[in-house]
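Source file query-v1.txt; content: compact mmCIF, C-alpha atoms.
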```txt
# COMPACT_ATOMS: atom_id res chain seq x y z
CA MET X 70 0.00 0.00 0.00
CA VAL X 71 1.42 3.37 -1.04
CA GLN X 72 1.40 5.89 1.78
CA LYS X 73 0.10 9.31 0.80
CA ILE X 74 2.33 12.28 1.43
CA SER X 75 0.62 15.19 3.14
CA LYS X 76 0.77 18.70 1.72
CA SER X 77 2.93 19.73 4.67
CA GLN X 78 5.43 16.91 4.04
CA ARG X 79 5.58 17.71 0.34
CA LEU X 80 6.19 21.38 1.09
CA HIS X 81 9.04 20.53 3.47
CA GLU X 82 10.59 18.16 0.92
CA GLU X 83 10.40 20.69 -1.91
CA LEU X 84 11.72 23.51 0.27
CA GLY X 85 14.49 21.22 1.54
CA ARG X 86 15.58 20.47 -2.02
CA ILE X 87 15.68 24.18 -2.87
CA ILE X 88 17.82 24.91 0.20
CA ALA X 89 20.14 21.96 -0.51
CA LYS X 90 20.75 23.20 -4.08
CA THR X 91 21.52 26.73 -2.91
CA LYS X 92 25.13 27.55 -2.08
CA PRO X 93 25.95 28.86 1.42
CA GLY X 94 25.72 32.64 1.53
CA GLN X 95 23.28 32.88 -1.36
CA ARG X 96 19.86 34.43 -0.92
CA LEU X 97 16.66 32.53 -1.56
CA LEU X 98 13.80 33.97 -3.57
CA THR X 99 11.62 36.47 -1.76
CA GLU X 100 8.72 35.04 0.27
CA PRO X 101 6.07 36.07 -2.31
CA GLU X 102 8.13 34.52 -5.15
CA LEU X 103 8.89 31.34 -3.22
CA ALA X 104 5.28 30.95 -2.05
CA LYS X 105 4.07 31.32 -5.65
CA GLN X 106 6.61 28.79 -6.89
CA LEU X 107 5.59 26.24 -4.25
CA GLY X 108 1.87 26.96 -4.56
CA VAL X 109 1.26 27.88 -0.91
CA SER X 110 0.35 30.98 1.08
CA ARG X 111 3.08 33.16 2.61
CA ALA X 112 1.87 32.20 6.11
CA THR X 113 2.21 28.47 5.31
CA LEU X 114 5.63 29.02 3.75
CA ARG X 115 6.81 31.03 6.77
CA GLU X 116 5.87 28.20 9.14
CA ALA X 117 7.76 25.67 7.02
CA MET X 118 10.82 27.90 6.86
CA ARG X 119 10.96 28.11 10.65
CA THR X 120 11.75 24.38 10.71
CA PHE X 121 14.84 24.96 8.57
CA GLU X 122 15.78 28.00 10.67
CA THR X 123 15.72 25.84 13.80
CA GLN X 124 18.01 23.36 12.05
CA GLY X 125 20.39 26.20 11.26
CA LEU X 126 20.17 25.80 7.49
CA ILE X 127 18.78 29.25 6.71
CA THR X 128 18.72 32.62 8.39
CA ARG X 129 16.58 35.68 7.79
CA ARG X 130 18.23 39.11 7.79
CA GLN X 131 16.13 42.15 8.52
CA GLY X 132 15.49 44.13 5.35
CA SER X 133 17.68 41.86 3.24
CA GLY X 134 16.06 38.46 2.84
CA THR X 135 16.57 34.78 3.67
CA TYR X 136 20.01 33.25 3.20
CA VAL X 137 21.30 29.69 3.17
CA ILE X 138 24.12 29.11 5.66
CA HIS X 139 25.07 25.39 5.91
CA PRO X 140 27.59 25.74 8.81
CA THR X 141 30.93 24.09 8.00
CA GLN X 142 31.60 23.38 11.69
CA ILE X 143 29.26 22.80 14.61
CA ILE X 144 29.98 23.27 18.30
CA GLU X 145 28.81 20.02 19.86
CA SER X 146 29.14 19.45 23.58
CA GLY X 147 27.67 17.60 26.50
CA LEU X 148 26.08 19.65 29.23
CA GLU X 149 27.59 17.64 32.08
CA LEU X 150 30.75 19.79 32.05
CA LEU X 151 30.63 23.58 32.29
CA GLU X 152 32.82 25.14 29.60
CA SER X 153 32.99 28.47 27.80
CA ILE X 154 32.13 28.84 24.12
CA GLN X 155 35.80 29.56 23.48
CA THR X 156 36.84 26.21 24.99
CA MET X 157 34.15 24.28 23.11
CA ALA X 158 35.06 26.00 19.84
CA LYS X 159 38.73 24.99 20.19
CA LYS X 160 37.72 21.35 20.59
CA THR X 161 35.69 21.44 17.36
CA LYS X 162 38.25 23.65 15.57
CA LEU X 163 35.62 26.28 14.86
CA VAL X 164 37.23 29.72 14.69
CA ILE X 165 35.22 32.25 16.69
CA SER X 166 35.81 35.85 17.73
CA MET X 167 34.17 38.45 19.92
CA GLY X 168 32.24 41.15 18.13
CA GLU X 169 30.72 44.22 19.69
CA VAL X 170 30.95 44.24 23.51
CA ASP X 171 29.17 46.53 25.96
CA VAL X 172 30.23 46.72 29.62
CA THR X 173 28.02 48.78 31.94
CA ARG X 174 27.70 49.31 35.69
CA ARG X 175 24.11 49.78 36.79
CA ASP X 176 21.55 49.24 39.56
CA ALA X 177 20.33 45.66 39.87
CA THR X 178 16.69 44.80 39.29
CA LEU X 179 14.56 43.19 41.98
CA VAL X 180 14.76 39.86 40.11
CA GLU X 181 18.56 40.05 40.01
CA SER X 182 18.71 40.99 43.69
CA LYS X 183 16.70 37.89 44.59
CA ALA X 184 18.83 35.69 42.33
CA PHE X 185 22.05 36.86 44.00
CA ASN X 186 20.35 36.75 47.42
CA LEU X 187 21.59 40.28 48.08
CA PRO X 188 19.45 43.24 49.24
CA LEU X 189 18.73 46.33 47.22
CA PRO X 190 20.25 48.76 46.51
CA LEU X 191 22.74 46.59 44.63
CA ARG X 192 25.15 47.54 41.87
CA VAL X 193 26.06 45.05 39.15
CA TYR X 194 28.18 44.83 36.02
CA GLU X 195 26.42 43.78 32.83
CA VAL X 196 28.62 42.47 30.03
CA ALA X 197 26.83 41.96 26.71
CA ARG X 198 28.62 40.81 23.57
CA ILE X 199 28.27 39.13 20.21
CA ILE X 200 30.18 35.97 19.29
CA LEU X 201 31.07 35.57 15.62
CA ALA X 202 31.78 32.44 13.57
CA GLU X 203 32.41 32.24 9.83
CA GLY X 204 31.90 35.99 9.60
CA ARG X 205 28.41 36.09 11.17
CA PRO X 206 26.88 36.44 14.65
CA VAL X 207 26.09 33.03 16.16
CA ALA X 208 25.56 33.89 19.83
CA TYR X 209 24.49 36.83 21.98
CA LEU X 210 25.74 36.53 25.58
CA ILE X 211 24.91 38.58 28.66
CA ASP X 212 26.66 38.15 32.02
CA ILE X 213 25.59 39.94 35.19
CA ILE X 214 27.78 39.94 38.32
CA PRO X 215 27.76 41.95 41.59
CA ASP X 216 30.21 44.85 41.38
CA ASP X 217 32.10 43.73 44.49
CA LEU X 218 33.68 40.85 42.55
CA MET X 219 36.13 42.99 40.60
CA ASP X 220 37.11 46.52 39.67
CA PHE X 221 35.36 48.09 36.67
CA ASP X 222 38.64 49.03 34.97
CA ASP X 223 40.03 45.53 35.50
CA LEU X 224 36.88 44.03 34.03
CA GLN X 225 37.15 46.14 30.89
CA LYS X 226 40.87 45.39 30.56
CA GLU X 227 40.86 41.67 31.37
CA PHE X 228 37.65 40.52 29.72
CA SER X 229 38.28 38.65 26.47
CA GLY X 230 34.92 37.07 25.74
CA SER X 231 34.12 34.60 28.51
CA MET X 232 33.06 35.54 32.04
CA LEU X 233 33.58 31.93 33.14
CA ASP X 234 37.18 31.97 31.86
CA LEU X 235 37.80 35.36 33.50
CA LEU X 236 36.47 34.26 36.90
CA THR X 237 38.51 31.06 36.65
CA HIS X 238 41.63 33.03 35.73
CA LEU X 239 41.23 35.50 38.61
CA GLY X 240 40.90 32.62 41.06
CA THR X 241 39.37 34.82 43.77
CA HIS X 242 36.33 32.53 44.04
CA ASN X 243 36.34 28.75 43.93
CA LEU X 244 33.74 27.88 41.31
CA ALA X 245 31.68 24.78 42.03
CA TYR X 246 28.74 24.27 39.70
CA SER X 247 26.16 25.91 37.46
CA ARG X 248 22.42 25.44 37.17
CA ALA X 249 20.92 26.17 33.76
CA GLU X 250 17.41 26.48 32.40
CA ILE X 251 17.33 25.61 28.67
CA THR X 252 14.51 26.57 26.34
CA ALA X 253 13.79 27.58 22.77
CA THR X 254 12.76 31.20 22.44
CA ILE X 255 11.99 33.79 19.81
CA SER X 256 14.32 36.72 19.34
CA THR X 257 13.31 40.15 20.57
CA PRO X 258 13.84 43.18 18.30
CA LYS X 259 16.99 44.11 20.27
CA ILE X 260 18.57 40.67 19.97
CA ALA X 261 17.48 40.35 16.35
CA ARG X 262 19.27 43.60 15.45
CA ALA X 263 22.42 42.51 17.26
CA MET X 264 22.51 39.10 15.56
CA GLY X 265 21.41 40.24 12.12
CA ILE X 266 18.25 38.13 12.11
CA GLN X 267 14.55 38.93 12.11
CA SER X 268 12.50 39.55 15.22
CA GLY X 269 10.65 36.37 16.12
CA ASP X 270 13.30 33.98 14.76
CA VAL X 271 13.97 30.90 16.90
CA LEU X 272 17.03 30.81 19.19
CA LEU X 273 18.34 28.43 21.84
CA HIS X 274 18.12 30.13 25.24
CA PHE X 275 20.22 29.35 28.34
CA TYR X 276 19.49 31.04 31.68
CA SER X 277 22.35 30.04 34.00
CA TYR X 278 23.36 30.55 37.62
CA LEU X 279 27.02 30.05 38.64
CA TYR X 280 27.82 29.09 42.25
CA THR X 281 30.99 28.98 44.35
CA THR X 282 31.98 26.15 46.69
CA LYS X 283 30.58 28.25 49.54
CA GLY X 284 27.17 28.32 47.86
CA ARG X 285 27.25 31.95 46.72
CA MET X 286 25.68 32.69 43.36
CA ILE X 287 28.08 35.08 41.60
CA ASN X 288 27.10 35.08 37.94
CA LEU X 289 23.78 35.28 36.15
CA ALA X 290 24.24 34.42 32.47
CA VAL X 291 21.63 34.88 29.77
CA SER X 292 22.73 33.30 26.48
CA TYR X 293 21.17 33.11 23.04
CA PHE X 294 22.53 30.66 20.46
CA LEU X 295 21.81 30.41 16.74
CA PRO X 296 20.56 26.87 16.02
CA GLY X 297 22.70 25.05 13.51
CA TYR X 298 26.02 26.19 14.96
CA PHE X 299 25.38 24.56 18.35
CA ARG X 300 24.35 21.04 19.27
CA PHE X 301 24.09 20.18 22.97
CA HIS X 302 23.44 16.76 24.45
CA VAL X 303 23.15 15.06 27.84
CA ILE X 304 24.45 11.58 28.64
CA ARG X 305 22.01 9.88 31.01
CA ARG X 306 22.55 6.62 32.88
CA VAL X 307 19.79 4.11 33.34
CA ASN X 308 18.34 4.13 36.84
CA ARG X 309 18.62 0.59 38.14
```

What is this file in structure tokens?
Amino acid sequence: MVQKISKSQRLHEELGRIIAKTKPGQRLLTEPELAKQLGVSRATLREAMRTFETQGLITRRQGSGTYVIHPTQIIESGLELLESIQTMAKKTKLVISMGEVDVTRRDATLVESKAFNLPLPLRVYEVARIILAEGRPVAYLIDIIPDDLMDFDDLQKEFSGSMLDLLTHLGTHNLAYSRAEITATISTPKIARAMGIQSGDVLLHFYSYLYTTKGRMINLAVSYFLPGYFRFHVIRRVNR
């Protein structure tokens, strides 16, 4: 018995073939043109394209169009061991660099105060930066730490991309473990502009808390990763 292929499956197959035939860096047809070619509405096409965005095969750039990317290298890592992007990239031989970085000293929010278990008023450093790979933004990272951990000038001078690597290098606090909440999220207009994608595009989202051996939470990290360049996994043992 021949199994019928649904319209949705056929659309994904046809769109997949178009993407596979397109060289990395090239732009696809506009949405109206592509929808007409495939015989579907723009809304239906947009939903199908999100699947390929999540896989990291295409990316939409605000005001420019949709481009095929086909990453040549992928950062793949288990989540059992806490490592910086820089360390993971070296293992996979993916060349990355730090793009625009913004270091500010500001008042903590009530949520941040509760996370650090410190009373208001509280001053914190916020370090936001873009991580680049193959000439394009692949991650948007934000680290927030209480301002008593280090001097502002030292932070600006010593920071090279990873707050975890900086805290480890300083050695003033014995780091113990991190707790992370991992979700898929859609990009806000601010993040979309920073990463050169469209607002509403899908990103991997990590919300992490870093603790010392004395149980103090010293770093709140909010990270956004472009799917396709990152693949995380967890090794789980069978409970006997």

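Shortest atom-to-atom contact with Ser133 in chain X among X:Arg300, X:Lys90, X:Arg96, X:Arg305: X:Arg96, counting all atoms listed in the file.
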
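Counting from CA of Lys92 in chain X, the distance to CA of His302 in chain X is 28.7 Å.
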
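We find CA of Gly230 in chain X and CA of Leu244 in chain X to be spaced 18.1 Å apart.
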
| message | My list of candidates is X:Pro206, X:Asp270, X:Ser256, X:Ser146. Which is closest to Met118 in chain X when distances are computed with all atoms listed in the file? | response | X:Asp270

| message | Calculated over all atoms listed in the file, which of the candidates X:Ser77, X:Thr252, X:Thr178, X:Ser292 has the smallest distance to Pro215 in chain X? | response | X:Thr178

Could you add N, CA and C atoms to range 137-150 of chain X and give me the result as an mmCIF file, in the coordinates of the input?
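Output below, filename selection-v7.cif:
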```cif
data_model
loop_
_atom_site.group_PDB
_atom_site.id
_atom_site.type_symbol
_atom_site.label_atom_id
_atom_site.label_comp_id
_atom_site.auth_asym_id
_atom_site.auth_seq_id
_atom_site.Cartn_x
_atom_site.Cartn_y
_atom_site.Cartn_z
ATOM 1 N N VAL X 137 20.888 31.054 2.820
ATOM 2 C CA VAL X 137 21.300 29.690 3.170
ATOM 3 C C VAL X 137 22.656 29.772 3.847
ATOM 4 N N ILE X 138 22.851 29.012 4.935
ATOM 5 C CA ILE X 138 24.120 29.110 5.660
ATOM 6 C C ILE X 138 24.935 27.810 5.670
ATOM 7 N N HIS X 139 24.332 26.655 5.884
ATOM 8 C CA HIS X 139 25.070 25.390 5.910
ATOM 9 C C HIS X 139 26.382 25.520 6.702
ATOM 10 N N PRO X 140 26.359 25.588 8.031
ATOM 11 C CA PRO X 140 27.590 25.740 8.810
ATOM 12 C C PRO X 140 28.618 24.663 8.478
ATOM 13 N N THR X 141 29.884 25.064 8.311
ATOM 14 C CA THR X 141 30.930 24.090 8.000
ATOM 15 C C THR X 141 31.387 23.354 9.259
ATOM 16 N N GLN X 142 31.232 23.996 10.416
ATOM 17 C CA GLN X 142 31.600 23.380 11.690
ATOM 18 C C GLN X 142 30.480 23.632 12.688
ATOM 19 N N ILE X 143 30.292 22.682 13.587
ATOM 20 C CA ILE X 143 29.260 22.800 14.610
ATOM 21 C C ILE X 143 29.897 22.616 15.986
ATOM 22 N N ILE X 144 29.531 23.458 16.927
ATOM 23 C CA ILE X 144 29.980 23.270 18.300
ATOM 24 C C ILE X 144 29.052 22.251 18.948
ATOM 25 N N GLU X 145 29.593 21.084 19.230
ATOM 26 C CA GLU X 145 28.810 20.020 19.860
ATOM 27 C C GLU X 145 29.434 19.696 21.207
ATOM 28 N N SER X 146 28.606 19.668 22.243
ATOM 29 C CA SER X 146 29.140 19.450 23.580
ATOM 30 C C SER X 146 28.083 18.862 24.496
ATOM 31 N N GLY X 147 28.555 18.067 25.445
ATOM 32 C CA GLY X 147 27.670 17.600 26.500
ATOM 33 C C GLY X 147 27.483 18.692 27.531
ATOM 34 N N LEU X 148 26.387 18.626 28.240
ATOM 35 C CA LEU X 148 26.080 19.650 29.230
ATOM 36 C C LEU X 148 26.517 19.256 30.633
ATOM 37 N N GLU X 149 27.165 18.089 30.754
ATOM 38 C CA GLU X 149 27.590 17.640 32.080
ATOM 39 C C GLU X 149 28.769 18.472 32.596
ATOM 40 N N LEU X 150 29.571 19.014 31.675
ATOM 41 C CA LEU X 150 30.750 19.790 32.050
ATOM 42 C C LEU X 150 30.562 21.237 31.633
#
```
